[in-house]
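Coordinates from data_33.pdb are shown below (PDB, C-alpha atoms).
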ATOM      1  CA  HIS A 237     107.053 -56.805  45.600
ATOM      2  CA  ARG A 238     110.060 -58.755  46.823
ATOM      3  CA  LEU A 239     110.113 -61.940  44.755
ATOM      4  CA  VAL A 240     110.883 -65.098  46.729
ATOM      5  CA  TYR A 241     111.296 -68.358  44.814
ATOM      6  CA  ALA A 242     110.739 -71.589  46.748
ATOM      7  CA  ALA A 243     113.015 -74.314  45.359
ATOM      8  CA  GLN A 244     115.849 -76.617  46.347
ATOM      9  CA  GLN A 245     119.107 -74.962  47.364
ATOM     10  CA  TRP A 246     121.212 -76.580  44.624
ATOM     11  CA  LEU A 247     119.302 -74.540  42.029
ATOM     12  CA  ARG A 248     120.517 -71.216  43.452
ATOM     13  CA  PRO A 249     123.223 -70.530  40.807
ATOM     14  CA  VAL A 250     120.805 -70.912  37.894
ATOM     15  CA  VAL A 251     117.956 -69.114  39.678
ATOM     16  CA  GLU A 252     120.265 -66.123  40.007
ATOM     17  CA  LEU A 253     120.754 -66.181  36.216
ATOM     18  CA  THR A 254     117.081 -65.276  35.713
ATOM     19  CA  GLY A 255     117.903 -61.789  36.974
ATOM     20  CA  VAL A 256     114.479 -61.388  38.572
ATOM     21  CA  VAL A 257     114.485 -63.375  41.822
ATOM     22  CA  ASP A 258     115.305 -61.515  45.042
ATOM     23  CA  GLU A 259     115.625 -64.569  47.289
ATOM     24  CA  LEU A 260     115.740 -68.343  46.925
ATOM     25  CA  LEU A 261     113.887 -69.968  49.800
ATOM     26  CA  ASP A 262     115.354 -73.454  50.282
ATOM     27  CA  THR A 263     112.337 -75.751  49.947
ATOM     28  CA  HIS A 264     112.504 -79.456  49.163
ATOM     29  CA  GLY A 265     109.560 -79.793  46.807
ATOM     30  CA  LEU A 266     106.340 -80.697  48.581
ATOM     31  CA  ASP A 267     108.091 -82.735  51.274
ATOM     32  CA  VAL A 268     108.389 -79.862  53.743
ATOM     33  CA  ALA A 269     106.386 -76.788  54.661
ATOM     34  CA  ILE A 270     107.362 -73.471  53.103
ATOM     35  CA  ALA A 271     109.475 -71.619  55.683
ATOM     36  CA  ARG A 272     107.321 -68.529  56.097
ATOM     37  CA  ASN A 273     104.982 -67.758  58.968
ATOM     38  CA  PRO A 274     101.279 -67.413  58.134
ATOM     39  CA  GLY A 275     100.356 -63.906  57.073
ATOM     40  CA  GLN A 276     103.836 -62.855  55.921
ATOM     41  CA  VAL A 277     103.197 -63.418  52.208
ATOM     42  CA  ASP A 278     101.214 -60.959  50.106
ATOM     43  CA  VAL A 279     100.824 -63.039  46.911
ATOM     44  CA  ALA A 280     101.356 -66.810  46.662
ATOM     45  CA  VAL A 281     101.848 -68.179  43.140
ATOM     46  CA  ASN A 282     101.459 -71.877  42.344
ATOM     47  CA  LEU A 283     103.821 -72.707  39.481
ATOM     48  CA  HIS A 284     104.184 -76.319  40.626
ATOM     49  CA  GLY A 285     100.944 -77.928  39.520
ATOM     50  CA  ASN A 286      97.329 -77.953  40.615
ATOM     51  CA  GLY A 287      97.157 -80.830  43.050
ATOM     52  CA  PRO A 288      96.054 -80.602  46.672
ATOM     53  CA  GLU A 289      99.659 -80.958  47.868
ATOM     54  CA  SER A 290     100.949 -77.830  46.152
ATOM     55  CA  ARG A 291      97.800 -75.858  46.949
ATOM     56  CA  GLY A 292      97.954 -76.975  50.568
ATOM     57  CA  ARG A 293     101.536 -75.802  51.026
ATOM     58  CA  LEU A 294     100.592 -72.363  49.727
ATOM     59  CA  GLU A 295      97.287 -72.152  51.587
ATOM     60  CA  ALA A 296      99.194 -72.700  54.839
ATOM     61  CA  LEU A 297     100.897 -69.351  54.220
ATOM     62  CA  GLN A 298      97.548 -67.546  54.580
ATOM     63  CA  ALA A 299      98.566 -65.130  51.848
ATOM     64  CA  ARG A 300      96.466 -62.110  50.983
ATOM     65  CA  SER A 301      95.904 -63.412  47.446
ATOM     66  CA  TYR A 302      96.649 -66.499  45.356
ATOM     67  CA  LEU A 303      97.551 -67.044  41.708
ATOM     68  CA  GLY A 304      96.953 -70.514  40.352
ATOM     69  CA  HIS A 305      94.681 -72.722  38.292
ATOM     70  CA  ARG A 306      91.004 -73.142  39.086
ATOM     71  CA  ALA A 307      90.406 -75.328  42.137
ATOM     72  CA  PRO A 308      88.272 -75.295  45.296
ATOM     73  CA  GLY A 309      88.897 -71.881  46.849
ATOM     74  CA  TRP A 310      91.102 -70.781  43.923
ATOM     75  CA  GLU A 311      90.158 -68.617  40.958
ATOM     76  CA  GLY A 312      92.001 -69.102  37.692
ATOM     77  CA  PRO A 313      91.942 -70.831  34.318
ATOM     78  CA  ALA A 314      90.966 -74.483  34.151
ATOM     79  CA  TRP A 315      93.884 -76.890  33.983
ATOM     80  CA  GLN A 316      94.401 -78.017  30.393
ATOM     81  CA  ASP A 317      96.191 -81.224  29.443
ATOM     82  CA  GLY A 318      98.272 -81.653  26.318
ATOM     83  CA  ILE A 319      99.725 -78.137  26.041
ATOM     84  CA  HIS A 320     103.360 -77.110  26.220
ATOM     85  CA  GLU A 321     104.654 -76.257  29.675
ATOM     86  CA  ARG A 322     105.798 -72.799  28.578
ATOM     87  CA  VAL A 323     102.301 -72.119  27.306
ATOM     88  CA  ARG A 324     100.696 -73.577  30.434
ATOM     89  CA  TRP A 325     102.340 -71.191  32.848
ATOM     90  CA  THR A 326     102.214 -68.061  30.716
ATOM     91  CA  ARG A 327      98.527 -68.796  30.048
ATOM     92  CA  LEU A 328      98.008 -68.933  33.806
ATOM     93  CA  LEU A 329      99.720 -65.611  34.400
ATOM     94  CA  ARG A 330      97.861 -63.916  31.558
ATOM     95  CA  TRP A 331      94.540 -65.044  33.029
ATOM     96  CA  HIS A 332      95.543 -63.273  36.230
ATOM     97  CA  GLY A 333      96.391 -60.081  34.329
ATOM     98  CA  LEU A 334     100.168 -60.461  34.170
ATOM     99  CA  ASP A 335     102.048 -59.991  30.911
ATOM    100  CA  ALA A 336     103.836 -63.227  30.023
ATOM    101  CA  ASP A 337     105.458 -64.521  26.849
ATOM    102  CA  PRO A 338     106.088 -68.265  26.320
ATOM    103  CA  LEU A 339     109.145 -67.353  24.235
ATOM    104  CA  ASP A 340     110.699 -65.271  27.022
ATOM    105  CA  TYR A 341     112.826 -68.136  28.337
ATOM    106  CA  ARG A 342     116.381 -66.839  27.993
ATOM    107  CA  LEU A 343     118.811 -66.774  30.938
ATOM    108  CA  ASN A 344     121.536 -64.234  31.625
ATOM    109  CA  PRO A 345     125.025 -65.577  30.873
ATOM    110  CA  PRO A 346     127.169 -66.381  33.904
ATOM    111  CA  ALA A 347     129.499 -63.557  34.908
ATOM    112  CA  GLU A 348     132.549 -65.714  34.160
ATOM    113  CA  PRO A 349     132.620 -67.421  30.753
ATOM    114  CA  THR A 350     133.628 -71.045  30.371
ATOM    115  CA  ASP A 351     137.273 -72.032  30.052
ATOM    116  CA  LEU A 352     136.182 -74.594  27.412
ATOM    117  CA  PRO A 353     134.649 -72.384  24.720
ATOM    118  CA  GLY A 354     133.407 -74.125  21.600
ATOM    119  CA  ALA A 355     133.322 -77.572  23.177
ATOM    120  CA  VAL A 356     130.860 -80.273  22.172
ATOM    121  CA  VAL A 357     128.984 -81.066  25.380
ATOM    122  CA  ILE A 358     127.663 -84.604  25.713
ATOM    123  CA  HIS A 359     125.422 -85.164  28.722
ATOM    124  CA  PRO A 360     124.831 -88.927  29.056
ATOM    125  CA  GLY A 361     123.026 -88.891  32.402
ATOM    126  CA  ALA A 362     119.392 -88.362  33.371
ATOM    127  CA  ALA A 363     117.377 -88.496  36.572
ATOM    128  CA  TYR A 364     115.617 -91.745  35.627
ATOM    129  CA  GLY A 365     116.515 -94.818  33.613
ATOM    130  CA  SER A 366     113.630 -94.121  31.238
ATOM    131  CA  ARG A 367     115.816 -91.385  29.690
ATOM    132  CA  HIS A 368     119.100 -93.331  29.653
ATOM    133  CA  TRP A 369     120.149 -93.562  26.025
ATOM    134  CA  PRO A 370     122.698 -96.421  25.849
ATOM    135  CA  VAL A 371     126.266 -95.600  26.906
ATOM    136  CA  GLU A 372     127.604 -97.334  23.804
ATOM    137  CA  ARG A 373     125.675 -94.976  21.539
ATOM    138  CA  PHE A 374     126.839 -91.886  23.405
ATOM    139  CA  ALA A 375     130.384 -93.241  23.051
ATOM    140  CA  ALA A 376     129.978 -93.744  19.298
ATOM    141  CA  VAL A 377     128.812 -90.130  18.927
ATOM    142  CA  ALA A 378     131.612 -88.806  21.155
ATOM    143  CA  SER A 379     134.252 -90.797  19.313
ATOM    144  CA  ALA A 380     133.089 -89.665  15.879
ATOM    145  CA  LEU A 381     132.970 -85.987  16.859
ATOM    146  CA  ALA A 382     136.367 -86.183  18.548
ATOM    147  CA  ARG A 383     137.880 -87.778  15.424
ATOM    148  CA  SER A 384     136.468 -84.839  13.454
ATOM    149  CA  GLY A 385     138.581 -82.509  15.576
ATOM    150  CA  HIS A 386     136.018 -81.309  18.112
ATOM    151  CA  ARG A 387     136.805 -80.935  21.811
ATOM    152  CA  VAL A 388     134.297 -83.265  23.499
ATOM    153  CA  VAL A 389     133.450 -82.944  27.195
ATOM    154  CA  LEU A 390     131.172 -85.206  29.195
ATOM    155  CA  THR A 391     128.975 -83.604  31.830
ATOM    156  CA  GLY A 392     126.655 -84.662  34.625
ATOM    157  CA  SER A 393     126.204 -84.714  38.365
ATOM    158  CA  SER A 394     128.461 -86.516  40.836
ATOM    159  CA  ALA A 395     126.093 -89.491  40.745
ATOM    160  CA  GLU A 396     126.311 -89.529  36.943
ATOM    161  CA  ARG A 397     130.107 -89.399  36.811
ATOM    162  CA  PRO A 398     130.550 -93.204  36.447
ATOM    163  CA  ARG A 399     128.222 -93.171  33.439
ATOM    164  CA  ALA A 400     130.125 -90.265  31.876
ATOM    165  CA  ALA A 401     133.437 -92.003  32.584
ATOM    166  CA  ALA A 402     132.165 -95.169  30.893
ATOM    167  CA  VAL A 403     131.319 -93.145  27.781
ATOM    168  CA  ALA A 404     134.800 -91.614  27.765
ATOM    169  CA  GLU A 405     136.478 -95.000  28.116
ATOM    170  CA  LEU A 406     134.468 -96.569  25.297
ATOM    171  CA  ALA A 407     135.090 -93.525  23.089
ATOM    172  CA  GLY A 408     138.823 -93.477  23.802
ATOM    173  CA  LEU A 409     138.663 -89.957  25.255
ATOM    174  CA  PRO A 410     141.153 -88.701  27.847
ATOM    175  CA  GLU A 411     140.204 -88.633  31.519
ATOM    176  CA  ASP A 412     140.107 -84.838  31.595
ATOM    177  CA  SER A 413     137.238 -84.900  29.110
ATOM    178  CA  VAL A 414     134.977 -86.019  31.971
ATOM    179  CA  VAL A 415     133.860 -82.958  33.936
ATOM    180  CA  ALA A 416     130.770 -84.619  35.412
ATOM    181  CA  GLY A 417     130.558 -84.008  39.149
ATOM    182  CA  ARG A 418     133.337 -81.438  39.044
ATOM    183  CA  GLN A 419     131.456 -78.317  38.021
ATOM    184  CA  PRO A 420     129.090 -76.216  40.126
ATOM    185  CA  LEU A 421     125.843 -75.379  38.400
ATOM    186  CA  ASP A 422     126.916 -71.894  37.312
ATOM    187  CA  ARG A 423     130.056 -73.293  35.631
ATOM    188  CA  PHE A 424     127.927 -75.938  33.944
ATOM    189  CA  ALA A 425     125.632 -73.175  32.652
ATOM    190  CA  ALA A 426     128.677 -71.266  31.384
ATOM    191  CA  LEU A 427     129.905 -74.393  29.583
ATOM    192  CA  ILE A 428     126.538 -74.828  27.865
ATOM    193  CA  ALA A 429     126.367 -71.109  27.025
ATOM    194  CA  GLY A 430     129.669 -71.395  25.150
ATOM    195  CA  ALA A 431     129.151 -74.818  23.571
ATOM    196  CA  ALA A 432     129.348 -75.551  19.861
ATOM    197  CA  LEU A 433     126.804 -78.347  20.334
ATOM    198  CA  VAL A 434     124.925 -80.042  23.179
ATOM    199  CA  VAL A 435     123.873 -83.692  22.914
ATOM    200  CA  SER A 436     121.536 -84.811  25.661
ATOM    201  CA  ALA A 437     118.365 -86.624  26.549
ATOM    202  CA  ASP A 438     115.447 -84.490  27.716
ATOM    203  CA  THR A 439     117.336 -83.094  30.724
ATOM    204  CA  GLY A 440     118.484 -79.841  32.292
ATOM    205  CA  ALA A 441     121.387 -79.709  29.845
ATOM    206  CA  ALA A 442     118.925 -79.563  26.950
ATOM    207  CA  HIS A 443     116.887 -76.842  28.660
ATOM    208  CA  LEU A 444     120.028 -74.773  29.239
ATOM    209  CA  ALA A 445     120.924 -75.154  25.560
ATOM    210  CA  THR A 446     117.503 -73.691  24.793
ATOM    211  CA  ALA A 447     117.998 -70.879  27.322
ATOM    212  CA  TYR A 448     121.290 -69.915  25.639
ATOM    213  CA  ARG A 449     120.188 -70.767  22.079
ATOM    214  CA  ARG A 450     123.056 -73.182  21.576
ATOM    215  CA  PRO A 451     122.751 -75.895  18.895
ATOM    216  CA  SER A 452     121.427 -79.059  20.469
ATOM    217  CA  VAL A 453     120.381 -82.589  19.629
ATOM    218  CA  VAL A 454     117.804 -83.738  22.162
ATOM    219  CA  ILE A 455     116.842 -87.405  22.433
ATOM    220  CA  PHE A 456     113.294 -87.792  23.749
ATOM    221  CA  GLY A 457     111.841 -90.873  25.430
ATOM    222  CA  PRO A 458     108.994 -90.887  27.937
ATOM    223  CA  ALA A 459     108.012 -87.204  27.723
ATOM    224  CA  PRO A 460     105.871 -85.934  24.835
ATOM    225  CA  VAL A 461     107.768 -83.512  22.627
ATOM    226  CA  ALA A 462     104.664 -81.360  22.151
ATOM    227  CA  GLU A 463     104.659 -80.592  25.884
ATOM    228  CA  TRP A 464     108.365 -80.499  26.741
ATOM    229  CA  GLY A 465     110.288 -80.005  23.495
ATOM    230  CA  PRO A 466     112.495 -77.026  22.663
ATOM    231  CA  PRO A 467     111.162 -74.025  20.731
ATOM    232  CA  GLU A 468     112.129 -73.238  17.161
ATOM    233  CA  GLY A 469     115.823 -72.623  16.858
ATOM    234  CA  PRO A 470     119.056 -74.572  16.411
ATOM    235  CA  HIS A 471     117.567 -77.596  18.187
ATOM    236  CA  ILE A 472     116.763 -81.000  16.700
ATOM    237  CA  VAL A 473     114.591 -83.507  18.565
ATOM    238  CA  LEU A 474     115.057 -87.219  17.881
ATOM    239  CA  THR A 475     112.505 -89.802  18.991
ATOM    240  CA  ASP A 476     109.896 -92.272  17.761
ATOM    241  CA  GLU A 477     106.736 -91.313  19.593
ATOM    242  CA  SER A 478     104.835 -94.197  18.036
ATOM    243  CA  LEU A 479     106.837 -96.439  20.392
ATOM    244  CA  ARG A 480     106.620 -94.209  23.476
ATOM    245  CA  VAL A 481     105.545 -95.931  26.697
ATOM    246  CA  GLY A 482     105.638 -92.731  28.709
ATOM    247  CA  ASP A 483     106.640 -94.122  32.123
ATOM    248  CA  THR A 484     108.908 -91.334  33.382
ATOM    249  CA  PHE A 485     109.945 -93.188  36.530
ATOM    250  CA  SER A 486     110.797 -96.494  34.867
ATOM    251  CA  ALA A 487     114.288 -97.923  35.340
ATOM    252  CA  LEU A 488     114.256 -99.079  31.711
ATOM    253  CA  PRO A 489     114.884 -96.790  28.722
ATOM    254  CA  ASP A 490     111.716 -95.828  26.891
ATOM    255  CA  PRO A 491     111.434 -97.518  23.471
ATOM    256  CA  ALA A 492     110.979 -94.097  21.847
ATOM    257  CA  LEU A 493     114.481 -93.239  23.042
ATOM    258  CA  LEU A 494     115.977 -96.571  22.007
ATOM    259  CA  ALA A 495     114.679 -96.054  18.465
ATOM    260  CA  VAL A 496     117.297 -93.312  18.032
ATOM    261  CA  THR A 497     120.674 -94.493  16.718
ATOM    262  CA  ALA A 498     124.125 -92.949  16.991
ATOM    263  CA  GLU A 499     123.949 -92.371  13.235
ATOM    264  CA  ASP A 500     120.741 -90.367  13.740
ATOM    265  CA  VAL A 501     122.480 -88.108  16.248
ATOM    266  CA  LEU A 502     125.526 -87.586  14.043
ATOM    267  CA  ALA A 503     123.300 -86.761  11.060
ATOM    268  CA  ALA A 504     121.446 -84.204  13.193
ATOM    269  CA  ALA A 505     124.739 -82.705  14.363
ATOM    270  CA  SER A 506     125.769 -82.355  10.719
ATOM    271  CA  ARG A 507     122.506 -80.539   9.936
ATOM    272  CA  LEU A 508     123.370 -78.124  12.753
ATOM    273  CA  GLY A 509     126.706 -77.363  11.153
ATOM    274  CA  LEU A 510     129.047 -79.857  12.836
ATOM    275  CA  SER A 511     130.873 -82.386  10.719
TER     276      SER A 511
END
Hey, can you dump this file as structure tokens for me?
Amino acid sequence: HRLVYAAQQWLRPVVELTGVVDELLDTHGLDVAIARNPGQVDVAVNLHGNGPESRGRLEALQARSYLGHRAPGWEGPAWQDGIHERVRWTRLLRWHGLDADPLDYRLNPPAEPTDLPGAVVIHPGAAYGSRHWPVERFAAVASALARSGHRVVLTGSSAERPRAAAVAELAGLPEDSVVAGRQPLDRFAALIAGAALVVSADTGAAHLATAYRRPSVVIFGPAPVAEWGPPEGPHIVLTDESLRVGDTFSALPDPALLAVTAEDVLAAASRLGLS
């Protein structure tokens, strides 16, 4: 089969690093129809969820067969809450007779390595305020690691550049330490792949650190660690789930995230070999 992955265009560089996708079909989530005429698709696979929106988008393709969770008109395993996402989707594929390993999550390295090898990558941004660890705490971590002789770089999207710049200013780091908004996704992946340490909330930066098995300190807030946390490896999760509110889309940082101090992060970095 020719494998076509429906996702937003900006993900293309990292999708190519899987080494298994033949084509990225630019698709903006569930907001638009999948750009294939009915009857053109042999197998439609629902790796989005199990709601009527995702099923409806795929059913419109009139594929010859469907792989997904159990639902009206769909055969498959029952949806199960409270399990890790890696387990969820490999469990689905196994039910349909496909070999799948929840620990097979590695990405190929970018063809061109980073020009900042061994950097400490601090990623202060996140898609929602619920995962915004305070700028002042990121700055305290960045300042301490820079004083210890580490090259610290601050990453993020163009929209997150002001937040990264604020961290740099508070930490007394030079302007060129802020690469947020100035790296395409494949260069960002290369930076993570060559990093000495990644410090991030539960974001894409943390997932890339997992994919390249780079030491990481991941600060969790609204998401449950048991469902979204990294696998065993050089990764330390910091949170206080007893305080977790769990509102992903909130503009306010989750209390579980705010329970983590800069000292906690620095202690975790030391346990991972940085001092």
Neighbour list for Ala336 in chain A as a ChimeraX atom specification, cut-off 8 Å, all atoms listed in the file, skip fewer than 5 positions in-chain
/A:326-327,329-330
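Non-sequential neighbours of Gly365 in chain A (distance at most 12 Å, separation of 5 or more positions within a chain, all atoms listed in the file) are A:Pro360, A:Pro370, A:Val371, A:Glu396, A:Arg399, A:Ala437, A:Asp438, A:Gly457, A:Pro458, A:Asp483, A:Thr484, A:Phe485, A:Ser486, A:Ala487, A:Leu488, A:Pro489, A:Asp490, A:Pro491, A:Leu493, A:Leu494.
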Got a sec to resolve the PyMOL selection byres ((chain A and resi 339) around 9) on this structure and send the residues as a VMD selection string?
-> chain A and resid 322 to 323 336 to 338 340 to 342 467
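Those residues returned by the PyMOL selection byres ((chain A and resi 294) around 10) for this file are A:Ala269, A:Ile270, A:Pro274, A:Val277, A:Val279, A:Ala280, A:Val281, A:Asn282, A:Pro288, A:Glu289, A:Ser290, A:Arg291, A:Gly292, A:Arg293, A:Glu295, A:Ala296, A:Leu297, A:Gln298, A:Ala299, A:Tyr302.
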- Contact residues around Pro466 in chain A with all atoms listed in the file at 9 Å, ignoring same-chain residues under 2 positions, as a list in words: Ala442, His443, Thr446, Val454, Val461, Ala462, Trp464, Glu468, Gly469, His471, Ile472 and Val473 of chain A
Please, could you write that set of residues out with C-alpha atoms as a tab-separated table (two decimals), in the frame of the given file?
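Just written: out07.tsv:
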chain	number	residue	atom	x	y	z
A	442	ALA	CA	118.92	-79.56	26.95
A	443	HIS	CA	116.89	-76.84	28.66
A	446	THR	CA	117.50	-73.69	24.79
A	454	VAL	CA	117.80	-83.74	22.16
A	461	VAL	CA	107.77	-83.51	22.63
A	462	ALA	CA	104.66	-81.36	22.15
A	464	TRP	CA	108.36	-80.50	26.74
A	468	GLU	CA	112.13	-73.24	17.16
A	469	GLY	CA	115.82	-72.62	16.86
A	471	HIS	CA	117.57	-77.60	18.19
A	472	ILE	CA	116.76	-81.00	16.70
A	473	VAL	CA	114.59	-83.51	18.57
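Going from CA of Leu479 in chain A over to CA of Ala492 in chain A, you cover 5.0 Å.
In terms of minimum interatomic distance to Leu253 in chain A, A:Asp422 ranks closest within A:Glu477, A:Asp422, A:Glu499, A:Asp412, counting only C-alpha atoms.
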Arg507 in chain A proximity check over A:Ala242, A:Leu433, A:Ala314, A:Leu421, using only C-alpha atoms: winner is A:Leu433
- Task: Please evaluate the PyMOL selection byres ((chain A and resi 414) around 10) against the structure above and give the resulting residues as a ChimeraX atom specification.
- Result: /A:358,388-392,397-405,409-413,415-418
Residues within 10 Å of Pro420 in chain A, please, as an mmCIF file with C-alpha atoms, in the frame of the given file. Count all atoms listed in the file; anything in the same chain fewer than 6 positions from it doesn't count.
data_model
loop_
_atom_site.group_PDB
_atom_site.id
_atom_site.type_symbol
_atom_site.label_atom_id
_atom_site.label_comp_id
_atom_site.auth_asym_id
_atom_site.auth_seq_id
_atom_site.Cartn_x
_atom_site.Cartn_y
_atom_site.Cartn_z
ATOM 1 C CA TRP A 246 121.212 -76.580 44.624
ATOM 2 C CA PRO A 249 123.223 -70.530 40.807
ATOM 3 C CA SER A 393 126.204 -84.714 38.365
#
